[in-house]
>>> print(open('run-v2.json').read())   # JSON, C-alpha atoms
[["chain", "number", "residue", "atom", "x", "y", "z"],
["A", 191, "MET", "CA", -18.65, 251.35, 82.92],
["A", 192, "GLU", "CA", -21.80, 250.59, 80.98],
["A", 193, "LYS", "CA", -22.32, 247.70, 83.36],
["A", 194, "VAL", "CA", -22.46, 250.14, 86.26],
["A", 195, "ILE", "CA", -25.16, 252.16, 84.51],
["A", 196, "PHE", "CA", -27.07, 249.01, 83.69],
["A", 197, "TYR", "CA", -27.04, 247.88, 87.31],
["A", 198, "LEU", "CA", -27.99, 251.36, 88.52],
["A", 199, "LEU", "CA", -31.00, 251.34, 86.18],
["A", 200, "ALA", "CA", -31.83, 247.75, 87.04],
["A", 201, "ILE", "CA", -31.78, 248.49, 90.77],
["A", 202, "ILE", "CA", -34.02, 251.53, 90.28],
["A", 203, "MET", "CA", -36.42, 249.53, 88.11],
["A", 204, "VAL", "CA", -36.62, 246.48, 90.37],
["A", 205, "ALA", "CA", -36.97, 248.57, 93.52],
["A", 206, "SER", "CA", -39.70, 250.72, 91.94],
["A", 207, "ALA", "CA", -41.49, 247.68, 90.57],
["A", 208, "ILE", "CA", -41.55, 246.01, 93.98],
["A", 209, "ALA", "CA", -42.68, 249.26, 95.59],
["A", 210, "SER", "CA", -45.35, 249.62, 92.92],
["A", 211, "VAL", "CA", -46.97, 246.27, 93.62],
["A", 212, "SER", "CA", -46.50, 246.35, 97.37],
["A", 213, "SER", "CA", -47.69, 249.91, 97.98],
["A", 214, "ARG", "CA", -51.16, 249.99, 99.48],
["A", 215, "ARG", "CA", -51.97, 253.39, 98.04],
["A", 216, "MET", "CA", -52.95, 253.40, 94.39],
["A", 217, "LEU", "CA", -51.57, 256.77, 93.39],
["A", 218, "ARG", "CA", -48.18, 255.94, 94.85],
["A", 219, "SER", "CA", -48.18, 252.69, 92.88],
["A", 220, "VAL", "CA", -48.68, 254.68, 89.70],
["A", 221, "VAL", "CA", -45.79, 257.00, 90.50],
["A", 222, "TYR", "CA", -43.53, 254.00, 91.18],
["A", 223, "LEU", "CA", -44.66, 252.57, 87.84],
["A", 224, "LEU", "CA", -43.54, 255.84, 86.26],
["A", 225, "PHE", "CA", -40.04, 255.24, 87.61],
["A", 226, "VAL", "CA", -40.03, 251.74, 86.14],
["A", 227, "LEU", "CA", -41.01, 253.09, 82.72],
["A", 228, "ILE", "CA", -38.36, 255.81, 82.86],
["A", 229, "GLY", "CA", -35.80, 253.17, 83.84],
["A", 230, "ALA", "CA", -36.80, 251.14, 80.78],
["A", 231, "ALA", "CA", -36.25, 254.26, 78.65],
["A", 232, "GLY", "CA", -32.80, 254.53, 80.22],
["A", 233, "LEU", "CA", -32.07, 250.94, 79.20],
["A", 234, "TYR", "CA", -33.06, 251.75, 75.62],
["A", 235, "PHE", "CA", -30.75, 254.75, 75.65],
["A", 236, "LEU", "CA", -28.00, 252.50, 76.96],
["A", 237, "MET", "CA", -28.53, 250.18, 73.98],
["A", 238, "ASP", "CA", -28.44, 253.17, 71.60],
["A", 239, "TYR", "CA", -32.07, 252.76, 70.62],
["A", 240, "ASN", "CA", -32.65, 256.48, 70.77],
["A", 241, "PHE", "CA", -35.96, 256.58, 68.94],
["A", 242, "LEU", "CA", -37.43, 253.76, 71.01],
["A", 243, "ALA", "CA", -36.28, 255.50, 74.17],
["A", 244, "ALA", "CA", -37.89, 258.76, 73.08],
["A", 245, "ILE", "CA", -41.14, 256.90, 72.34],
["A", 246, "GLN", "CA", -40.94, 255.18, 75.70],
["A", 247, "LEU", "CA", -40.58, 258.54, 77.44],
["A", 248, "THR", "CA", -43.28, 260.42, 75.53],
["A", 249, "VAL", "CA", -45.88, 257.70, 75.08],
["A", 250, "TYR", "CA", -45.44, 255.49, 78.12],
["A", 251, "ALA", "CA", -43.97, 257.75, 80.79],
["A", 252, "GLY", "CA", -45.85, 260.74, 79.39],
["A", 253, "GLY", "CA", -49.14, 259.46, 78.04],
["A", 254, "ILE", "CA", -50.03, 256.11, 79.55],
["A", 255, "VAL", "CA", -49.14, 257.17, 83.07],
["A", 256, "VAL", "CA", -51.36, 260.25, 82.72],
["A", 257, "LEU", "CA", -54.16, 257.96, 81.60],
["A", 258, "ILE", "CA", -53.63, 255.61, 84.55],
["A", 259, "ILE", "CA", -53.52, 258.55, 86.97],
["A", 260, "PHE", "CA", -56.81, 259.83, 85.61],
["A", 261, "SER", "CA", -58.42, 256.42, 85.94],
["A", 262, "VAL", "CA", -57.21, 256.23, 89.52],
["A", 263, "LEU", "CA", -58.56, 259.69, 90.25],
["A", 264, "LEU", "CA", -61.95, 258.68, 88.87],
["A", 265, "ILE", "CA", -62.29, 256.23, 91.74],
["A", 266, "GLN", "CA", -64.37, 257.65, 94.51],
["A", 267, "HIS", "CA", -62.68, 256.47, 97.66],
["A", 268, "ILE", "CA", -59.10, 256.97, 96.72],
["A", 269, "GLU", "CA", -57.90, 257.65, 100.23],
["A", 270, "MET", "CA", -58.91, 254.10, 101.06],
["A", 271, "GLU", "CA", -55.94, 251.81, 101.31],
["A", 272, "LEU", "CA", -56.05, 248.51, 99.51],
["A", 273, "GLU", "CA", -56.70, 245.63, 101.82],
["A", 274, "ILE", "CA", -54.06, 243.02, 102.38],
["A", 275, "ALA", "CA", -54.98, 239.74, 100.75],
["A", 276, "LYS", "CA", -55.56, 236.54, 102.65],
["A", 277, "SER", "CA", -52.46, 234.48, 103.28],
["A", 278, "SER", "CA", -53.72, 231.53, 101.23],
["A", 279, "ARG", "CA", -54.16, 233.80, 98.24],
["A", 280, "ARG", "CA", -50.75, 235.32, 98.81],
["A", 281, "TRP", "CA", -49.13, 231.90, 98.79],
["A", 282, "PHE", "CA", -50.99, 231.00, 95.64],
["A", 283, "SER", "CA", -49.92, 234.15, 93.82],
["A", 284, "ALA", "CA", -46.35, 233.74, 95.05],
["A", 285, "LEU", "CA", -46.37, 230.21, 93.64],
["A", 286, "LEU", "CA", -47.70, 231.48, 90.30],
["A", 287, "CYS", "CA", -45.03, 234.20, 90.19],
["A", 288, "LEU", "CA", -42.31, 231.64, 90.91],
["A", 289, "MET", "CA", -43.60, 229.43, 88.12],
["A", 290, "GLY", "CA", -43.54, 232.36, 85.71],
["A", 291, "LEU", "CA", -40.05, 233.28, 86.83],
["A", 292, "SER", "CA", -38.80, 229.72, 86.34],
["A", 293, "ILE", "CA", -40.19, 229.60, 82.80],
["A", 294, "PHE", "CA", -38.61, 232.98, 82.13],
["A", 295, "LEU", "CA", -35.22, 232.03, 83.52],
["A", 296, "GLY", "CA", -35.32, 228.63, 81.81],
["A", 297, "THR", "CA", -35.89, 230.30, 78.46],
["A", 298, "ILE", "CA", -33.12, 232.82, 79.02],
["A", 299, "TYR", "CA", -30.51, 230.30, 80.17],
["A", 300, "SER", "CA", -31.29, 227.75, 77.48],
["A", 301, "HIS", "CA", -30.68, 230.34, 74.78],
["A", 302, "PRO", "CA", -27.05, 230.75, 73.76],
["A", 303, "PHE", "CA", -26.49, 234.48, 73.80],
["A", 304, "ALA", "CA", -23.40, 235.61, 71.92],
["A", 305, "VAL", "CA", -21.78, 239.01, 71.92],
["A", 306, "ALA", "CA", -22.45, 240.66, 68.59],
["A", 307, "GLU", "CA", -19.29, 241.47, 66.67],
["A", 308, "THR", "CA", -20.70, 244.38, 64.75],
["A", 309, "THR", "CA", -22.87, 246.75, 66.69],
["A", 310, "SER", "CA", -24.96, 248.95, 64.50],
["A", 311, "THR", "CA", -27.71, 251.22, 65.70],
["A", 312, "THR", "CA", -30.69, 252.54, 63.83],
["A", 313, "THR", "CA", -30.72, 256.29, 63.74],
["A", 314, "VAL", "CA", -33.87, 258.37, 63.74],
["A", 315, "ALA", "CA", -33.05, 259.53, 60.20],
["A", 316, "GLU", "CA", -32.95, 255.92, 58.97],
["A", 317, "ILE", "CA", -36.31, 255.24, 60.57],
["A", 318, "GLY", "CA", -37.72, 258.35, 58.97],
["A", 319, "ARG", "CA", -36.36, 257.43, 55.54],
["A", 320, "ALA", "CA", -37.78, 253.91, 55.80],
["A", 321, "LEU", "CA", -41.15, 255.21, 57.01],
["A", 322, "LEU", "CA", -41.54, 257.70, 54.20],
["A", 323, "SER", "CA", -40.09, 255.82, 51.26],
["A", 324, "PHE", "CA", -42.60, 254.27, 48.87],
["A", 325, "GLU", "CA", -40.04, 252.22, 47.01],
["A", 326, "LYS", "CA", -39.33, 248.57, 47.71],
["A", 327, "GLY", "CA", -38.92, 247.99, 51.43],
["A", 328, "GLY", "CA", -40.53, 251.30, 52.31],
["A", 329, "PHE", "CA", -43.12, 251.63, 54.98],
["A", 330, "ILE", "CA", -45.27, 254.43, 53.63],
["A", 331, "LEU", "CA", -48.46, 252.38, 53.63],
["A", 332, "PRO", "CA", -48.12, 251.24, 57.26],
["A", 333, "PHE", "CA", -47.24, 254.84, 58.11],
["A", 334, "GLU", "CA", -50.48, 256.13, 56.67],
["A", 335, "VAL", "CA", -52.44, 253.22, 58.12],
["A", 336, "ILE", "CA", -51.15, 254.23, 61.56],
["A", 337, "SER", "CA", -53.06, 257.48, 61.24],
["A", 338, "ILE", "CA", -56.23, 255.53, 60.41],
["A", 339, "LEU", "CA", -55.62, 253.32, 63.42],
["A", 340, "LEU", "CA", -55.23, 256.39, 65.61],
["A", 341, "LEU", "CA", -58.40, 257.83, 64.07],
["A", 342, "ALA", "CA", -60.29, 254.64, 64.90],
["A", 343, "ALA", "CA", -58.97, 254.73, 68.46],
["A", 344, "MET", "CA", -60.03, 258.36, 68.84],
["A", 345, "ILE", "CA", -63.53, 257.79, 67.49],
["A", 346, "GLY", "CA", -63.90, 254.68, 69.64],
["A", 347, "ALA", "CA", -62.85, 256.55, 72.75],
["A", 348, "ILE", "CA", -65.24, 259.42, 72.06],
["A", 349, "THR", "CA", -68.11, 257.08, 71.30],
["A", 350, "ILE", "CA", -67.58, 255.12, 74.50],
["A", 351, "ALA", "CA", -67.00, 258.16, 76.68],
["A", 352, "LYS", "CA", -69.82, 260.26, 75.27],
["A", 353, "GLY", "CA", -72.14, 257.43, 74.31],
["A", 354, "GLY", "CA", -75.09, 259.77, 73.66],
["A", 355, "LYS", "CA", -76.13, 259.41, 77.28],
["A", 356, "GLU", "CA", -74.97, 261.80, 79.92],
["A", 357, "ILE", "CA", -72.77, 260.18, 82.49],
["A", 358, "LYS", "CA", -74.22, 261.14, 85.83],
["A", 359, "GLN", "CA", -71.81, 261.74, 88.60],
["A", 360, "GLU", "CA", -72.71, 260.50, 92.02],
["A", 361, "VAL", "CA", -71.98, 263.16, 94.59],
["A", 362, "PRO", "CA", -71.53, 261.81, 98.10],
["A", 363, "GLU", "CA", -73.94, 263.37, 100.55],
["A", 364, "SER", "CA", -71.20, 264.94, 102.64],
["A", 365, "LEU", "CA", -69.96, 266.81, 99.57],
["A", 366, "ASP", "CA", -73.28, 267.92, 98.13],
["A", 367, "ILE", "CA", -72.79, 271.69, 98.37],
["A", 368, "ASP", "CA", -76.47, 272.51, 97.80],
["A", 369, "LYS", "CA", -77.54, 270.30, 100.66],
["A", 370, "ILE", "CA", -74.89, 271.72, 102.98],
["A", 371, "LEU", "CA", -75.95, 275.27, 102.14],
["A", 372, "GLN", "CA", -79.60, 274.43, 102.65],
["A", 373, "ASP", "CA", -78.93, 272.86, 106.00],
["A", 374, "ALA", "CA", -76.86, 275.83, 107.09],
["A", 375, "LYS", "CA", -79.58, 278.26, 105.98],
["A", 376, "GLN", "CA", -82.22, 276.32, 107.85],
["A", 377, "GLN", "CA", -80.13, 276.29, 110.98],
["A", 378, "ALA", "CA", -79.46, 280.01, 110.72],
["A", 379, "GLU", "CA", -83.17, 280.76, 110.30],
["A", 380, "GLU", "CA", -83.99, 278.67, 113.34],
["A", 381, "LYS", "CA", -81.35, 280.52, 115.33],
["A", 382, "VAL", "CA", -82.78, 283.89, 114.25],
["A", 383, "MET", "CA", -86.31, 282.84, 115.23],
["A", 384, "GLU", "CA", -85.05, 281.65, 118.58],
["A", 385, "LEU", "CA", -83.21, 284.93, 119.21],
["A", 386, "GLU", "CA", -86.21, 286.98, 118.16],
["A", 387, "SER", "CA", -88.56, 285.10, 120.46],
["A", 388, "SER", "CA", -86.11, 285.36, 123.35],
["A", 389, "THR", "CA", -85.67, 289.14, 122.90],
["A", 390, "LYS", "CA", -89.45, 289.62, 122.78],
["A", 391, "ASN", "CA", -89.80, 287.89, 126.09],
["B", 221, "MET", "CA", -16.19, 259.15, 78.66],
["B", 222, "GLY", "CA", -19.94, 259.04, 78.01],
["B", 223, "SER", "CA", -20.88, 256.46, 80.60],
["B", 224, "GLU", "CA", -18.74, 257.97, 83.35],
["B", 225, "ALA", "CA", -20.45, 261.29, 82.77],
["B", 226, "ILE", "CA", -23.86, 259.63, 83.20],
["B", 227, "ILE", "CA", -22.81, 257.97, 86.45],
["B", 228, "VAL", "CA", -21.40, 261.25, 87.77],
["B", 229, "PHE", "CA", -24.61, 262.99, 86.73],
["B", 230, "PHE", "CA", -26.73, 260.36, 88.49],
["B", 231, "LEU", "CA", -24.67, 260.53, 91.67],
["B", 232, "ALA", "CA", -24.69, 264.34, 91.62],
["B", 233, "GLY", "CA", -28.47, 264.30, 91.25],
["B", 234, "VAL", "CA", -28.93, 261.92, 94.16],
["B", 235, "VAL", "CA", -26.45, 263.77, 96.39],
["B", 236, "LEU", "CA", -27.87, 267.20, 95.56],
["B", 237, "VAL", "CA", -31.47, 266.28, 96.27],
["B", 238, "ALA", "CA", -30.73, 264.16, 99.33],
["B", 239, "GLY", "CA", -28.28, 266.76, 100.65],
["B", 240, "ALA", "CA", -30.70, 269.63, 100.17],
["B", 241, "ASN", "CA", -33.47, 267.74, 101.94],
["B", 242, "PHE", "CA", -31.17, 266.64, 104.75],
["B", 243, "LEU", "CA", -29.72, 270.12, 105.27],
["B", 244, "SER", "CA", -33.11, 271.82, 105.25],
["B", 245, "ASN", "CA", -34.29, 269.25, 107.77],
["B", 246, "LEU", "CA", -31.24, 269.88, 109.92],
["B", 247, "ILE", "CA", -31.03, 273.65, 109.81],
["B", 248, "SER", "CA", -34.59, 274.89, 109.49],
["B", 249, "PRO", "CA", -36.43, 275.94, 112.66],
["B", 250, "LYS", "CA", -39.38, 273.76, 113.49],
["B", 251, "SER", "CA", -42.67, 274.56, 115.09],
["B", 252, "ASP", "CA", -45.85, 272.55, 115.26],
["B", 253, "ASN", "CA", -49.18, 273.66, 116.63],
["B", 254, "PRO", "CA", -52.82, 273.09, 115.74],
["B", 255, "GLN", "CA", -53.09, 276.42, 113.94],
["B", 256, "LYS", "CA", -50.25, 275.54, 111.63],
["B", 257, "ARG", "CA", -52.00, 272.45, 110.40],
["B", 258, "GLU", "CA", -55.08, 274.34, 109.31],
["B", 259, "PRO", "CA", -55.38, 274.85, 105.56],
["B", 260, "TYR", "CA", -56.09, 278.57, 105.98],
["B", 261, "GLU", "CA", -55.57, 280.84, 108.89],
["B", 262, "SER", "CA", -59.09, 282.09, 108.63],
["B", 263, "GLY", "CA", -62.27, 280.86, 107.04],
["B", 264, "MET", "CA", -64.23, 277.67, 107.21],
["B", 265, "THR", "CA", -62.79, 274.41, 108.34],
["B", 266, "THR", "CA", -62.96, 271.98, 105.46],
["B", 267, "ILE", "CA", -65.77, 269.46, 105.26],
["B", 268, "GLY", "CA", -65.31, 265.90, 104.13],
["B", 269, "PRO", "CA", -62.24, 264.20, 102.70],
["B", 270, "THR", "CA", -59.75, 266.11, 100.57],
["B", 271, "TRP", "CA", -59.91, 263.44, 97.88],
["B", 272, "VAL", "CA", -62.90, 263.95, 95.67],
["B", 273, "GLN", "CA", -63.83, 262.06, 92.57],
["B", 274, "PHE", "CA", -62.61, 263.66, 89.37],
["B", 275, "LYS", "CA", -64.99, 264.58, 86.60],
["B", 276, "VAL", "CA", -65.26, 261.82, 84.02],
["B", 277, "GLY", "CA", -64.66, 264.45, 81.34],
["B", 278, "TYR", "CA", -60.98, 264.55, 82.20],
["B", 279, "TYR", "CA", -60.57, 260.97, 81.00],
["B", 280, "LEU", "CA", -61.62, 261.83, 77.46],
["B", 281, "PHE", "CA", -59.08, 264.63, 77.37],
["B", 282, "ALA", "CA", -56.41, 262.23, 78.59],
["B", 283, "ILE", "CA", -57.21, 259.77, 75.78],
["B", 284, "LEU", "CA", -57.19, 262.51, 73.16],
["B", 285, "PHE", "CA", -53.87, 263.73, 74.54],
["B", 286, "LEU", "CA", -52.45, 260.21, 74.31],
["B", 287, "ILE", "CA", -53.50, 259.84, 70.67],
["B", 288, "PHE", "CA", -51.92, 263.11, 69.63],
["B", 289, "ASP", "CA", -48.90, 262.18, 71.72],
["B", 290, "VAL", "CA", -48.42, 259.09, 69.54],
["B", 291, "GLU", "CA", -48.92, 261.23, 66.46],
["B", 292, "VAL", "CA", -46.15, 263.60, 67.53],
["B", 293, "ALA", "CA", -43.88, 260.60, 68.11],
["B", 294, "PHE", "CA", -44.33, 259.74, 64.43],
["B", 295, "LEU", "CA", -43.72, 263.31, 63.37],
["B", 296, "VAL", "CA", -40.19, 263.23, 64.82],
["B", 297, "PRO", "CA", -38.57, 260.86, 62.27],
["B", 298, "TRP", "CA", -40.41, 262.72, 59.51],
["B", 299, "ALA", "CA", -39.01, 266.03, 60.69],
["B", 300, "VAL", "CA", -35.48, 264.61, 60.71],
["B", 301, "VAL", "CA", -35.57, 263.53, 57.07],
["B", 302, "PHE", "CA", -37.84, 266.27, 55.77],
["B", 303, "GLY", "CA", -34.90, 268.37, 54.58],
["B", 304, "GLU", "CA", -33.49, 265.71, 52.28],
["B", 305, "MET", "CA", -36.77, 264.28, 50.96],
["B", 306, "GLY", "CA", -38.50, 267.53, 50.18],
["B", 307, "SER", "CA", -41.95, 267.83, 48.71],
["B", 308, "ILE", "CA", -42.75, 264.08, 48.65],
["B", 309, "ALA", "CA", -42.37, 263.93, 52.42],
["B", 310, "LEU", "CA", -44.56, 266.99, 52.73],
["B", 311, "VAL", "CA", -47.38, 265.36, 50.75],
["B", 312, "GLU", "CA", -47.07, 262.15, 52.76],
["B", 313, "ILE", "CA", -47.24, 263.92, 56.09],
["B", 314, "LEU", "CA", -50.14, 266.06, 54.90],
["B", 315, "ILE", "CA", -52.13, 262.89, 54.19],
["B", 316, "PHE", "CA", -51.16, 261.59, 57.62],
["B", 317, "LEU", "CA", -52.20, 264.81, 59.31],
["B", 318, "PHE", "CA", -55.40, 265.09, 57.27],
["B", 319, "ILE", "CA", -56.63, 261.69, 58.45],
["B", 320, "LEU", "CA", -55.87, 262.63, 62.03],
["B", 321, "GLY", "CA", -57.48, 266.02, 61.46],
["B", 322, "LEU", "CA", -60.68, 264.14, 60.62],
["B", 323, "GLY", "CA", -60.51, 262.66, 64.09],
["B", 324, "LEU", "CA", -60.10, 266.10, 65.63],
["B", 325, "ALA", "CA", -63.03, 267.38, 63.57],
["B", 326, "TYR", "CA", -65.11, 264.42, 64.77],
["B", 327, "ALA", "CA", -64.19, 265.15, 68.37],
["B", 328, "TRP", "CA", -65.10, 268.79, 67.86],
["B", 329, "LYS", "CA", -68.42, 267.95, 66.23],
["B", 330, "LYS", "CA", -69.32, 265.48, 68.95],
["B", 331, "GLY", "CA", -68.61, 268.09, 71.58],
["B", 332, "ALA", "CA", -65.79, 266.10, 73.13],
["B", 333, "LEU", "CA", -63.67, 269.22, 73.36],
["B", 334, "LYS", "CA", -66.37, 271.19, 75.11],
["B", 335, "TRP", "CA", -66.06, 271.54, 78.82],
["B", 336, "GLU", "CA", -69.23, 270.77, 80.66]]
>>> encode(input="run-v2.json", output="structure tokens")
Amino acid sequence: MEKVIFYLLAIIMVASAIASVSSRRMLRSVVYLLFVLIGAAGLYFLMDYNFLAAIQLTVYAGGIVVLIIFSVLLIQHIEMELEIAKSSRRWFSALLCLMGLSIFLGTIYSHPFAVAETTSTTTVAEIGRALLSFEKGGFILPFEVISILLLAAMIGAITIAKGGKEIKQEVPESLDIDKILQDAKQQAEEKVMELESSTKN
Amino acid sequence: MGSEAIIVFFLAGVVLVAGANFLSNLISPKSDNPQKREPYESGMTTIGPTWVQFKVGYYLFAILFLIFDVEVAFLVPWAVVFGEMGSIALVEILIFLFILGLGLAYAWKKGALKWE
């Protein structure tokens, strides 16, 4: 039965992955990527790695995808579809992909996988105990260092994004509301003048 | 038992959504005219493309969200064992949160949280 679930998840993941790279619209690609990440979380759940699955859902499916969506939305001409690459380039990339796949498959099939006799899973409580214990084999120092790492990431992001200088946004001419209003006002004034002169005559 | 339930759940989800879409497509009355495709029945016709560039400011918020997202992920195992470990765990997590609080204070000071 677990095999059925695995193949269901695998089909969803492979189909979404193919759709993600072959879609010509960027935002759709991101949404397909979201399905791939959720499928990976499902695989983790299937293997009883509950904590890893939860992290996968919150950080990857929740956080990273939001970040990617924002970076896509920052692009100006998003409605533009990606162009289809030249056929020579497509052959080249297909060849590269095949080479990668052959290395991958060669590694997998040369490794003797055996079914584990004892299956034990790490519970969230065990992870928590290991993270917080400061005795031998505890991970309290890495746990606190994580917060420093996150702090460094946050400060780095703010420094890059703010950077002291104001980031000026380019407004396309067709969307510049001031210009549109000005043009409309000018046209209206001209119309009024025209009407006035015609009524005088 | 567990895996069968998941498969049934998956199939029920697919059938429900596909069935609802199919039925609403089948049953609902359809009409199409130029007026229907207008965004509003009255008012100006829209100018330019619907897709506009987002403000860069959103990106900073997304990054900050991601960082605190990771932080919450680390709070979960702490919360599970907090009951049995007691005050030591409290001190440890307070250090953790204090260091991250410095980051929040930095963001605040730099005006990263301010909407411009």
>>> interface_residues(input="run-v2.json", of="chain B", to="chain A", cutoff="9 Å", atoms="only C-alpha atoms", output="number ranges by chain")
B: 223-224, 226-227, 267-280, 282-291, 293-302, 305, 308-309, 312-313, 315-324, 326-327, 330-332
>>> write_last_selection(input="run-v2.json", atoms="C-alpha atoms", output="JSON list (two decimals), in the frame of the given file")
[["chain", "number", "residue", "atom", "x", "y", "z"],
["B", 223, "SER", "CA", -20.88, 256.46, 80.60],
["B", 224, "GLU", "CA", -18.74, 257.97, 83.35],
["B", 226, "ILE", "CA", -23.86, 259.63, 83.20],
["B", 227, "ILE", "CA", -22.81, 257.97, 86.45],
["B", 267, "ILE", "CA", -65.77, 269.46, 105.26],
["B", 268, "GLY", "CA", -65.31, 265.90, 104.13],
["B", 269, "PRO", "CA", -62.24, 264.20, 102.70],
["B", 270, "THR", "CA", -59.75, 266.11, 100.57],
["B", 271, "TRP", "CA", -59.91, 263.44, 97.88],
["B", 272, "VAL", "CA", -62.90, 263.95, 95.67],
["B", 273, "GLN", "CA", -63.83, 262.06, 92.57],
["B", 274, "PHE", "CA", -62.61, 263.66, 89.37],
["B", 275, "LYS", "CA", -64.99, 264.58, 86.60],
["B", 276, "VAL", "CA", -65.26, 261.82, 84.02],
["B", 277, "GLY", "CA", -64.66, 264.45, 81.34],
["B", 278, "TYR", "CA", -60.98, 264.55, 82.20],
["B", 279, "TYR", "CA", -60.57, 260.97, 81.00],
["B", 280, "LEU", "CA", -61.62, 261.83, 77.46],
["B", 282, "ALA", "CA", -56.41, 262.23, 78.59],
["B", 283, "ILE", "CA", -57.21, 259.77, 75.78],
["B", 284, "LEU", "CA", -57.19, 262.51, 73.16],
["B", 285, "PHE", "CA", -53.87, 263.73, 74.54],
["B", 286, "LEU", "CA", -52.45, 260.21, 74.31],
["B", 287, "ILE", "CA", -53.50, 259.84, 70.67],
["B", 288, "PHE", "CA", -51.92, 263.11, 69.63],
["B", 289, "ASP", "CA", -48.90, 262.18, 71.72],
["B", 290, "VAL", "CA", -48.42, 259.09, 69.54],
["B", 291, "GLU", "CA", -48.92, 261.23, 66.46],
["B", 293, "ALA", "CA", -43.88, 260.60, 68.11],
["B", 294, "PHE", "CA", -44.33, 259.74, 64.43],
["B", 295, "LEU", "CA", -43.72, 263.31, 63.37],
["B", 296, "VAL", "CA", -40.19, 263.23, 64.82],
["B", 297, "PRO", "CA", -38.57, 260.86, 62.27],
["B", 298, "TRP", "CA", -40.41, 262.72, 59.51],
["B", 299, "ALA", "CA", -39.01, 266.03, 60.69],
["B", 300, "VAL", "CA", -35.48, 264.61, 60.71],
["B", 301, "VAL", "CA", -35.57, 263.53, 57.07],
["B", 302, "PHE", "CA", -37.84, 266.27, 55.77],
["B", 305, "MET", "CA", -36.77, 264.28, 50.96],
["B", 308, "ILE", "CA", -42.75, 264.08, 48.65],
["B", 309, "ALA", "CA", -42.37, 263.93, 52.42],
["B", 312, "GLU", "CA", -47.07, 262.15, 52.76],
["B", 313, "ILE", "CA", -47.24, 263.92, 56.09],
["B", 315, "ILE", "CA", -52.13, 262.89, 54.19],
["B", 316, "PHE", "CA", -51.16, 261.59, 57.62],
["B", 317, "LEU", "CA", -52.20, 264.81, 59.31],
["B", 318, "PHE", "CA", -55.40, 265.09, 57.27],
["B", 319, "ILE", "CA", -56.63, 261.69, 58.45],
["B", 320, "LEU", "CA", -55.87, 262.63, 62.03],
["B", 321, "GLY", "CA", -57.48, 266.02, 61.46],
["B", 322, "LEU", "CA", -60.68, 264.14, 60.62],
["B", 323, "GLY", "CA", -60.51, 262.66, 64.09],
["B", 324, "LEU", "CA", -60.10, 266.10, 65.63],
["B", 326, "TYR", "CA", -65.11, 264.42, 64.77],
["B", 327, "ALA", "CA", -64.19, 265.15, 68.37],
["B", 330, "LYS", "CA", -69.32, 265.48, 68.95],
["B", 331, "GLY", "CA", -68.61, 268.09, 71.58],
["B", 332, "ALA", "CA", -65.79, 266.10, 73.13]]
>>> atom_distance(input="run-v2.json", atom1="CA of Leu224 (chain A)", atom2="CA of Ser206 (chain A)")
8.6 Å
>>> atom_distance(input="run-v2.json", atom1="CA of Arg279 (chain A)", atom2="CA of Arg218 (chain A)")
23.2 Å
>>> axis_aligned_box(input="run-v2.json", around="region 293-306 of chain A", padding_each_side="6 Å", output="lines of an AutoDock Vina configuration file")
center_x = -31.0
center_y = 234.2
center_z = 76.1
size_x = 30.4
size_y = 24.9
size_z = 26.9
>>> residues_around(input="run-v2.json", residues="Ala207 (chain A)", least_positions_apart="4", cutoff="9 Å", atoms="all atoms listed in the file", output="mmCIF file with C-alpha atoms, keeping the file's coordinate frame")
data_model
loop_
_atom_site.group_PDB
_atom_site.id
_atom_site.type_symbol
_atom_site.label_atom_id
_atom_site.label_comp_id
_atom_site.auth_asym_id
_atom_site.auth_seq_id
_atom_site.Cartn_x
_atom_site.Cartn_y
_atom_site.Cartn_z
ATOM 1 C CA ILE A 202 -34.020 251.530 90.280
ATOM 2 C CA MET A 203 -36.420 249.530 88.110
ATOM 3 C CA VAL A 211 -46.970 246.270 93.620
ATOM 4 C CA SER A 212 -46.500 246.350 97.370
ATOM 5 C CA SER A 219 -48.180 252.690 92.880
ATOM 6 C CA TYR A 222 -43.530 254.000 91.180
ATOM 7 C CA LEU A 223 -44.660 252.570 87.840
ATOM 8 C CA PHE A 225 -40.040 255.240 87.610
ATOM 9 C CA VAL A 226 -40.030 251.740 86.140
#
>>> atom_distance(input="run-v2.json", atom1="CA of Phe229 (chain B)", atom2="CA of Asn245 (chain B)")
24.0 Å
>>> decode(input="run-v2.json", residues="region 323-329 of chain B", atoms="N, CA and C atoms", output="CSV table (one decimal), in the first residue's frame")
chain,number,residue,atom,x,y,z
B,323,GLY,N,18.2,41.1,15.9
B,323,GLY,CA,18.0,41.2,14.4
B,323,GLY,C,16.8,42.1,14.2
B,324,LEU,N,15.7,41.8,14.9
B,324,LEU,CA,14.4,42.5,14.7
B,324,LEU,C,14.7,44.0,15.1
B,325,ALA,N,15.4,44.2,16.2
B,325,ALA,CA,15.7,45.6,16.6
B,325,ALA,C,16.5,46.3,15.5
B,326,TYR,N,17.4,45.6,14.9
B,326,TYR,CA,18.3,46.2,13.9
B,326,TYR,C,17.4,46.6,12.7
B,327,ALA,N,16.5,45.6,12.3
B,327,ALA,CA,15.6,45.9,11.2
B,327,ALA,C,14.7,47.1,11.5
B,328,TRP,N,14.2,47.2,12.8
B,328,TRP,CA,13.4,48.3,13.2
B,328,TRP,C,14.2,49.6,13.1
B,329,LYS,N,15.4,49.6,13.6
B,329,LYS,CA,16.2,50.8,13.6
B,329,LYS,C,16.5,51.3,12.2
